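Enquirer: This is the structure, below, for whatever I ask next.
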Amino acid sequence: VRNTVLLPGVVIPITVGRQRSIKLVKKAQKGDKMIGVCAQVNPQNDDPAWEDIYHVGTLAKIIKMIVLPDGNTTIIIQGKKRFKITETLTEDPYFTARVEYLDENFPKNSRKIKALEESLKESAAKILHLNPEIPREAQLALDNIDNTAFLTHFLSSNINAPVEAKQRLLEINDGVERATLLLEFMMKDIQMLEIKSEIQKKVHTDIDQQ
C-alpha cells in the first residue's frame, strides 16, 4: 500500500487499483479473508517489486469489500498481527511469501510501561486539544483503550508522521522502546501544533488591532 502503514487492531479503508491487488483481494474474499499488508518504500512506484516494499507488515482481515460504480474497489481491513517476510515466493498473479509472525514484548506490571502509557495518553489529549480538525470522538476511543500494545498501535497509526517513522514503530518488538519512540514523535507534533497556535493567535491579534 502507498502512504499508509497498517498496524494491529486498527481498522482502515484501502482503495485497490492494481490488477495484482484486485486478484489477491478477490481470492481472499472467497477464502479466509486474510491478506498481508506492507507499505511501499516509494509511493510513486506504480509497479513495485519485492525490493520496493518494506518486509515487515501486518496480517489483515478483510471486513468488507465495496465495488464502486467507477470500477474501483475499496476494502475495509483490520490489522491482526505483525509479520516479517522470510522468503519471497511469487510476484504474479500476486505477491506470495513465507512469513514469521512477530510477538509483542511488553513487561508485565512494569512501572516504566505504566508511566509511558500515562504520558502517551496525556500527549494524545494535548494533541486533540491543539488540533481542532481531529473529531472529538477520538478522545472517547482513547479513553476506552486499556491494552498497552494496542494503545501504541492506535496512536502510531494516527500521529502526524511520515510512513518511514510509522514503519519504524511497526518494526519494533520491544514495547518500552516502541512507546518511548512514539512519545518522541508525539512531543514533536505537540511542539509544531503549539508554534502554529502561537502564530495564529498573533495574526488574529494583529488583525483585531488593525
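Scheme for the C-alpha cells: letters A, B, ... for chains in order shown; per-chain residue numbers from 1; ligand numbers from 1 in order shown.
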Find the residues near Gln167 (chain A): any atom within 10 Å, counting only C-alpha atoms, skip ones fewer than 6 places away on the same chain, and give them as JSON, numbers by chain.
Expert: {"A": [4, 5, 6, 7, 38, 39, 41, 54, 56, 57, 156, 157]}
Enquirer: Please produce a file of the residues just selected, as a PDB file, in the first residue's frame, where the atoms kept are N, CA and C atoms.
Expert:
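Wrote it out as again-v7.pdb, contents follow:
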```pdb
ATOM      1  N   THR A   4       0.717   4.536   3.604  1.00  0.00           N
ATOM      2  CA  THR A   4      -0.037   4.008   4.745  1.00  0.00           C
ATOM      3  C   THR A   4       0.730   2.858   5.395  1.00  0.00           C
ATOM      4  N   VAL A   5       0.707   2.830   6.718  1.00  0.00           N
ATOM      5  CA  VAL A   5       1.239   1.674   7.452  1.00  0.00           C
ATOM      6  C   VAL A   5       0.091   1.127   8.292  1.00  0.00           C
ATOM      7  N   LEU A   6      -0.314  -0.094   8.007  1.00  0.00           N
ATOM      8  CA  LEU A   6      -1.380  -0.721   8.793  1.00  0.00           C
ATOM      9  C   LEU A   6      -0.777  -1.296  10.068  1.00  0.00           C
ATOM     10  N   LEU A   7      -1.443  -1.051  11.198  1.00  0.00           N
ATOM     11  CA  LEU A   7      -0.977  -1.573  12.483  1.00  0.00           C
ATOM     12  C   LEU A   7      -2.029  -2.492  13.096  1.00  0.00           C
ATOM     13  N   CYS A  38       1.773  -4.618   3.345  1.00  0.00           N
ATOM     14  CA  CYS A  38       3.088  -3.988   3.526  1.00  0.00           C
ATOM     15  C   CYS A  38       3.082  -2.610   2.880  1.00  0.00           C
ATOM     16  N   ALA A  39       3.823  -1.692   3.458  1.00  0.00           N
ATOM     17  CA  ALA A  39       3.919  -0.343   2.894  1.00  0.00           C
ATOM     18  C   ALA A  39       4.972  -0.301   1.789  1.00  0.00           C
ATOM     19  N   VAL A  41       8.028   1.444  -0.180  1.00  0.00           N
ATOM     20  CA  VAL A  41       9.149   2.334   0.165  1.00  0.00           C
ATOM     21  C   VAL A  41       8.996   3.642  -0.611  1.00  0.00           C
ATOM     22  N   TYR A  54       8.454  -2.621   2.139  1.00  0.00           N
ATOM     23  CA  TYR A  54       9.028  -2.981   3.441  1.00  0.00           C
ATOM     24  C   TYR A  54       8.687  -4.438   3.745  1.00  0.00           C
ATOM     25  N   VAL A  56       8.500  -5.880   6.723  1.00  0.00           N
ATOM     26  CA  VAL A  56       7.718  -6.107   7.945  1.00  0.00           C
ATOM     27  C   VAL A  56       6.359  -5.478   7.693  1.00  0.00           C
ATOM     28  N   GLY A  57       5.306  -6.271   7.841  1.00  0.00           N
ATOM     29  CA  GLY A  57       3.959  -5.783   7.563  1.00  0.00           C
ATOM     30  C   GLY A  57       2.969  -6.322   8.589  1.00  0.00           C
ATOM     31  N   SER A 156       0.255   5.222  16.973  1.00  0.00           N
ATOM     32  CA  SER A 156       1.218   5.206  15.859  1.00  0.00           C
ATOM     33  C   SER A 156       0.496   5.410  14.531  1.00  0.00           C
ATOM     34  N   SER A 157      -0.695   4.825  14.422  1.00  0.00           N
ATOM     35  CA  SER A 157      -1.471   4.923  13.190  1.00  0.00           C
ATOM     36  C   SER A 157      -1.964   6.347  12.961  1.00  0.00           C
TER      37      SER A 157
END
```
Enquirer: In region 42-154 of chain A, what's alpha helix (DSSP H) per DSSP? Answer as a ChimeraX atom specification?
Expert: /A:111-130,137-143,148-154
Enquirer: Between A:Ala125, A:Glu137, A:Lys201, A:Glu104, which has the minimum distance to Arg178 (chain A) (counting only C-alpha atoms)?
Expert: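 Distance minimum relative to Arg178 (chain A) lands on A:Glu104.
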Enquirer: Show me, as a list in words, the residues that have an atom within 12 Å of Glu118 (chain A) when counting only C-alpha atoms, minus same-chain residues fewer than 6 positions from it.
Expert: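 Here the answer would be Arg111, Lys112, Ala124, Ala125, Leu142, Asp143, Ile145, Asp146, Thr148, Leu151, Thr152, Ala179, Thr180 and Leu183 of chain A.
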Enquirer: Between A:Lys64, A:Arg98, A:His55, A:Arg2, which one has atoms that come closest to Val25 (chain A), using only C-alpha atoms?
Expert: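 Distance minimum relative to Val25 (chain A) lands on A:Lys64.
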Enquirer: Within 6 Å of Val99 (chain A), counting only C-alpha atoms, which residues show up once you throw out same-chain ones fewer than 6 positions away? Write them as a PyMOL selection string, please.
Expert: chain A and resi 84-86
Enquirer: Write the residues you've just listed into a file as a PDB file, in the first residue's frame, and include N, CA, C and O atoms for each of them.
Expert:
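Contents of result.pdb, as written:
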```pdb
ATOM      1  N   LYS A  84       7.084 -10.729   9.579  1.00  0.00           N
ATOM      2  CA  LYS A  84       8.306 -10.413   8.834  1.00  0.00           C
ATOM      3  C   LYS A  84       8.408 -11.420   7.689  1.00  0.00           C
ATOM      4  O   LYS A  84       8.238 -12.628   7.887  1.00  0.00           O
ATOM      5  N   ILE A  85       8.665 -10.918   6.477  1.00  0.00           N
ATOM      6  CA  ILE A  85       8.819 -11.802   5.318  1.00  0.00           C
ATOM      7  C   ILE A  85      10.161 -12.526   5.427  1.00  0.00           C
ATOM      8  O   ILE A  85      11.204 -11.898   5.563  1.00  0.00           O
ATOM      9  N   THR A  86      10.120 -13.849   5.377  1.00  0.00           N
ATOM     10  CA  THR A  86      11.362 -14.637   5.477  1.00  0.00           C
ATOM     11  C   THR A  86      11.784 -15.196   4.122  1.00  0.00           C
ATOM     12  O   THR A  86      12.949 -15.500   3.901  1.00  0.00           O
TER      13      THR A  86
END
```
Enquirer: Ranking A:Lys23, A:Lys108, A:Thr88, A:Val16 by minimum distance to Leu68 (chain A) and counting only C-alpha atoms, which one comes first?
Expert: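 For Leu68 (chain A), the nearest of the candidates is A:Val16.
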Enquirer: As an exercise, work out the distance from CA of Pro13 (chain A) to CA of Ala138 (chain A) in Å and give it to one decimal place.
Expert: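 Here the two named atoms are 17.3 Å from each other.
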Enquirer: Could you tell me which of A:Ala49, A:Leu102, A:Ala28, A:Met186 comes closest to Asn160 (chain A) if we count only C-alpha atoms?
Expert: A:Met186
Enquirer: So what do you get for CA of Lys80 (chain A) versus CA of Pro8 (chain A), distance-wise?
Expert: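 Straight-line distance from CA of Lys80 (chain A) to CA of Pro8 (chain A) works out to 4.7 Å.
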Enquirer: Would you work out the distance separating CA of Gly17 (chain A) from CA of Leu169 (chain A), expressed in Å to one decimal?
Expert: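 Atom-to-atom, CA of Gly17 (chain A) and CA of Leu169 (chain A) are spaced 27.0 Å apart.
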Enquirer: Applying 8 Å and only C-alpha atoms, which residues near Val176 (chain A) remain after dropping the ones on its own chain fewer than 6 positions away? List them as a tab-separated table (two decimals) with C-alpha atoms, in the first residue's frame.
Expert:
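Result file follows (out_28.tsv):
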```
chain	number	residue	atom	x	y	z
A	106	PHE	CA	5.65	-5.64	26.97
A	112	LYS	CA	8.07	2.24	33.32
A	113	ILE	CA	5.36	0.94	30.96
A	116	LEU	CA	4.86	5.65	29.42
```
Enquirer: Taking 5 positions as the minimum chain separation for residues in the same chain, which residues sit within 7 Å of Gln78 (chain A) when counting only C-alpha atoms? Answer as number ranges by chain.
Expert: A: 9-12, 60-63
Enquirer: Just asking: which residues within region 68-195 of chain A are strand (DSSP E or B) according to DSSP, as a short mmCIF file (atom, residue, chain, number, x, y, z; two decimals) with all heavy atoms, in the first residue's frame?
Expert:
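The resulting file, out-v6.cif, is reproduced below:
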```cif
data_model
loop_
_atom_site.label_atom_id
_atom_site.label_comp_id
_atom_site.auth_asym_id
_atom_site.auth_seq_id
_atom_site.Cartn_x
_atom_site.Cartn_y
_atom_site.Cartn_z
N THR A 73 -12.25 -0.60 -6.43
CA THR A 73 -12.64 -1.44 -5.30
C THR A 73 -12.04 -0.87 -4.01
O THR A 73 -10.86 -0.53 -3.96
CB THR A 73 -12.13 -2.89 -5.50
OG1 THR A 73 -12.70 -3.40 -6.71
CG2 THR A 73 -12.55 -3.78 -4.35
N THR A 74 -12.86 -0.74 -2.99
CA THR A 74 -12.38 -0.30 -1.68
C THR A 74 -12.61 -1.45 -0.70
O THR A 74 -13.67 -2.08 -0.70
CB THR A 74 -13.12 0.96 -1.20
OG1 THR A 74 -12.79 2.04 -2.07
CG2 THR A 74 -12.69 1.34 0.22
N ILE A 75 -11.59 -1.72 0.11
CA ILE A 75 -11.76 -2.73 1.15
C ILE A 75 -11.56 -2.10 2.52
O ILE A 75 -10.74 -1.19 2.68
CB ILE A 75 -10.80 -3.94 0.98
CG1 ILE A 75 -9.32 -3.48 0.89
CG2 ILE A 75 -11.18 -4.78 -0.22
CD1 ILE A 75 -8.32 -4.63 0.90
N ILE A 76 -12.37 -2.55 3.47
CA ILE A 76 -12.18 -2.14 4.87
C ILE A 76 -11.44 -3.29 5.54
O ILE A 76 -11.91 -4.43 5.51
CB ILE A 76 -13.54 -1.92 5.59
CG1 ILE A 76 -14.49 -1.05 4.75
CG2 ILE A 76 -13.33 -1.33 6.98
CD1 ILE A 76 -14.07 0.37 4.56
N ILE A 77 -10.27 -2.99 6.09
CA ILE A 77 -9.47 -4.06 6.69
C ILE A 77 -9.11 -3.74 8.14
O ILE A 77 -9.06 -2.58 8.54
CB ILE A 77 -8.16 -4.31 5.89
CG1 ILE A 77 -7.34 -3.01 5.76
CG2 ILE A 77 -8.45 -4.90 4.53
CD1 ILE A 77 -5.97 -3.20 5.12
N GLN A 78 -8.87 -4.80 8.90
CA GLN A 78 -8.43 -4.64 10.29
C GLN A 78 -7.12 -5.39 10.47
O GLN A 78 -7.01 -6.57 10.13
CB GLN A 78 -9.47 -5.17 11.27
CG GLN A 78 -9.01 -4.98 12.73
CD GLN A 78 -10.05 -5.41 13.74
OE1 GLN A 78 -10.83 -6.31 13.46
NE2 GLN A 78 -10.07 -4.76 14.89
N GLY A 79 -6.12 -4.67 10.99
CA GLY A 79 -4.83 -5.28 11.27
C GLY A 79 -4.94 -6.31 12.38
O GLY A 79 -5.65 -6.10 13.36
N LYS A 80 -4.27 -7.45 12.22
CA LYS A 80 -4.37 -8.53 13.21
C LYS A 80 -3.05 -8.81 13.91
O LYS A 80 -2.99 -8.90 15.12
CB LYS A 80 -4.88 -9.80 12.53
CG LYS A 80 -6.32 -9.74 12.08
CD LYS A 80 -7.25 -9.65 13.27
CE LYS A 80 -8.70 -9.57 12.89
NZ LYS A 80 -9.57 -9.35 14.06
N LYS A 81 -1.97 -8.98 13.13
CA LYS A 81 -0.70 -9.43 13.72
C LYS A 81 0.44 -8.98 12.82
O LYS A 81 0.33 -9.01 11.60
CB LYS A 81 -0.74 -10.96 13.77
CG LYS A 81 0.19 -11.57 14.79
CD LYS A 81 -0.09 -13.05 14.92
CE LYS A 81 0.34 -13.54 16.29
NZ LYS A 81 0.10 -14.95 16.47
N ARG A 82 1.55 -8.58 13.46
CA ARG A 82 2.73 -8.17 12.68
C ARG A 82 3.47 -9.40 12.15
O ARG A 82 3.47 -10.44 12.80
CB ARG A 82 3.67 -7.34 13.55
CG ARG A 82 3.06 -6.05 14.06
CD ARG A 82 3.97 -5.29 15.01
NE ARG A 82 4.49 -6.17 16.04
CZ ARG A 82 5.79 -6.36 16.31
NH1 ARG A 82 6.71 -5.72 15.64
NH2 ARG A 82 6.15 -7.17 17.26
N PHE A 83 4.08 -9.24 10.99
CA PHE A 83 4.88 -10.34 10.45
C PHE A 83 6.13 -9.82 9.76
O PHE A 83 6.22 -8.65 9.40
CB PHE A 83 4.06 -11.20 9.46
CG PHE A 83 3.65 -10.47 8.20
CD1 PHE A 83 4.55 -10.23 7.16
CD2 PHE A 83 2.34 -10.02 8.05
CE1 PHE A 83 4.16 -9.55 6.01
CE2 PHE A 83 1.95 -9.34 6.89
CZ PHE A 83 2.86 -9.11 5.87
N LYS A 84 7.08 -10.73 9.58
CA LYS A 84 8.31 -10.41 8.83
C LYS A 84 8.41 -11.42 7.69
O LYS A 84 8.24 -12.63 7.89
CB LYS A 84 9.52 -10.55 9.76
CG LYS A 84 10.83 -10.21 9.08
CD LYS A 84 11.98 -10.36 10.08
CE LYS A 84 13.30 -9.97 9.42
NZ LYS A 84 14.42 -10.05 10.37
N ILE A 85 8.67 -10.92 6.48
CA ILE A 85 8.82 -11.80 5.32
C ILE A 85 10.16 -12.53 5.43
O ILE A 85 11.20 -11.90 5.56
CB ILE A 85 8.74 -11.00 4.00
CG1 ILE A 85 7.32 -10.44 3.82
CG2 ILE A 85 9.12 -11.87 2.80
CD1 ILE A 85 7.17 -9.43 2.69
N THR A 86 10.12 -13.85 5.38
CA THR A 86 11.36 -14.64 5.48
C THR A 86 11.78 -15.20 4.12
O THR A 86 12.95 -15.50 3.90
CB THR A 86 11.19 -15.80 6.47
OG1 THR A 86 10.05 -16.59 6.07
CG2 THR A 86 10.98 -15.29 7.89
N GLU A 87 10.79 -15.34 3.22
CA GLU A 87 11.12 -15.86 1.88
C GLU A 87 10.07 -15.36 0.89
O GLU A 87 8.87 -15.52 1.10
CB GLU A 87 11.11 -17.40 1.90
CG GLU A 87 11.56 -18.02 0.59
CD GLU A 87 11.39 -19.53 0.56
OE1 GLU A 87 11.09 -20.12 1.63
OE2 GLU A 87 11.55 -20.12 -0.51
N THR A 88 10.54 -14.73 -0.19
CA THR A 88 9.61 -14.28 -1.23
C THR A 88 9.38 -15.44 -2.20
O THR A 88 10.31 -16.13 -2.58
CB THR A 88 10.18 -13.06 -1.98
OG1 THR A 88 11.43 -13.40 -2.57
CG2 THR A 88 10.39 -11.89 -1.03
N LEU A 89 8.12 -15.64 -2.60
CA LEU A 89 7.77 -16.77 -3.45
C LEU A 89 7.36 -16.35 -4.86
O LEU A 89 8.00 -16.72 -5.83
CB LEU A 89 6.66 -17.60 -2.80
CG LEU A 89 6.98 -18.20 -1.42
CD1 LEU A 89 5.76 -18.87 -0.82
CD2 LEU A 89 8.15 -19.19 -1.52
N THR A 90 6.28 -15.57 -4.99
CA THR A 90 5.83 -15.18 -6.33
C THR A 90 5.48 -13.70 -6.39
O THR A 90 5.21 -13.07 -5.37
CB THR A 90 4.55 -15.96 -6.74
OG1 THR A 90 3.48 -15.58 -5.85
CG2 THR A 90 4.76 -17.46 -6.66
N THR A 96 3.20 -13.54 -3.13
CA THR A 96 3.04 -14.51 -2.04
C THR A 96 4.41 -14.68 -1.38
O THR A 96 5.45 -14.54 -2.04
CB THR A 96 2.54 -15.90 -2.52
OG1 THR A 96 3.45 -16.42 -3.49
CG2 THR A 96 1.14 -15.80 -3.12
N ALA A 97 4.40 -14.97 -0.09
CA ALA A 97 5.66 -15.11 0.65
C ALA A 97 5.46 -15.97 1.88
O ALA A 97 4.34 -16.16 2.36
CB ALA A 97 6.16 -13.72 1.07
N ARG A 98 6.59 -16.50 2.38
CA ARG A 98 6.57 -17.15 3.69
C ARG A 98 6.86 -16.06 4.73
O ARG A 98 7.71 -15.20 4.49
CB ARG A 98 7.65 -18.23 3.78
CG ARG A 98 7.41 -19.40 2.85
CD ARG A 98 8.36 -20.55 3.15
NE ARG A 98 8.41 -21.46 2.01
CZ ARG A 98 7.46 -22.32 1.69
NH1 ARG A 98 6.38 -22.41 2.43
NH2 ARG A 98 7.59 -23.10 0.63
N VAL A 99 6.18 -16.14 5.85
CA VAL A 99 6.37 -15.11 6.88
C VAL A 99 6.55 -15.73 8.26
O VAL A 99 6.17 -16.88 8.49
CB VAL A 99 5.18 -14.12 6.92
CG1 VAL A 99 4.98 -13.43 5.58
CG2 VAL A 99 3.90 -14.79 7.38
N GLU A 100 7.11 -14.91 9.12
CA GLU A 100 7.26 -15.30 10.54
C GLU A 100 6.51 -14.24 11.34
O GLU A 100 6.72 -13.05 11.14
CB GLU A 100 8.76 -15.28 10.87
CG GLU A 100 9.10 -15.42 12.32
CD GLU A 100 10.58 -15.07 12.56
OE1 GLU A 100 11.43 -15.42 11.72
OE2 GLU A 100 10.86 -14.42 13.58
N TYR A 101 5.59 -14.69 12.21
CA TYR A 101 4.81 -13.72 12.99
C TYR A 101 5.65 -13.18 14.15
O TYR A 101 6.44 -13.91 14.74
CB TYR A 101 3.51 -14.35 13.49
CG TYR A 101 2.55 -14.61 12.35
CD1 TYR A 101 2.29 -15.92 11.92
CD2 TYR A 101 1.96 -13.56 11.67
CE1 TYR A 101 1.43 -16.15 10.85
CE2 TYR A 101 1.11 -13.79 10.59
CZ TYR A 101 0.85 -15.08 10.19
OH TYR A 101 0.02 -15.30 9.12
N ASN A 105 6.31 -7.51 22.94
CA ASN A 105 7.10 -7.76 24.14
C ASN A 105 6.92 -6.58 25.11
O ASN A 105 7.67 -5.61 25.06
CB ASN A 105 8.57 -7.95 23.75
CG ASN A 105 9.47 -8.16 24.95
OD1 ASN A 105 8.99 -8.42 26.06
ND2 ASN A 105 10.76 -8.02 24.75
N ASP A 174 10.21 -4.54 21.02
CA ASP A 174 10.30 -4.18 22.43
C ASP A 174 9.31 -3.06 22.76
O ASP A 174 9.39 -1.96 22.22
CB ASP A 174 11.73 -3.73 22.75
CG ASP A 174 11.89 -3.41 24.23
OD1 ASP A 174 12.19 -4.33 25.01
OD2 ASP A 174 11.71 -2.24 24.61
#
```
Enquirer: With distances taken over only C-alpha atoms, which residue among A:Asp208, A:Ile159, A:Ile35, A:Asp103 lies nearest Asp189 (chain A)?
Expert: A:Ile159
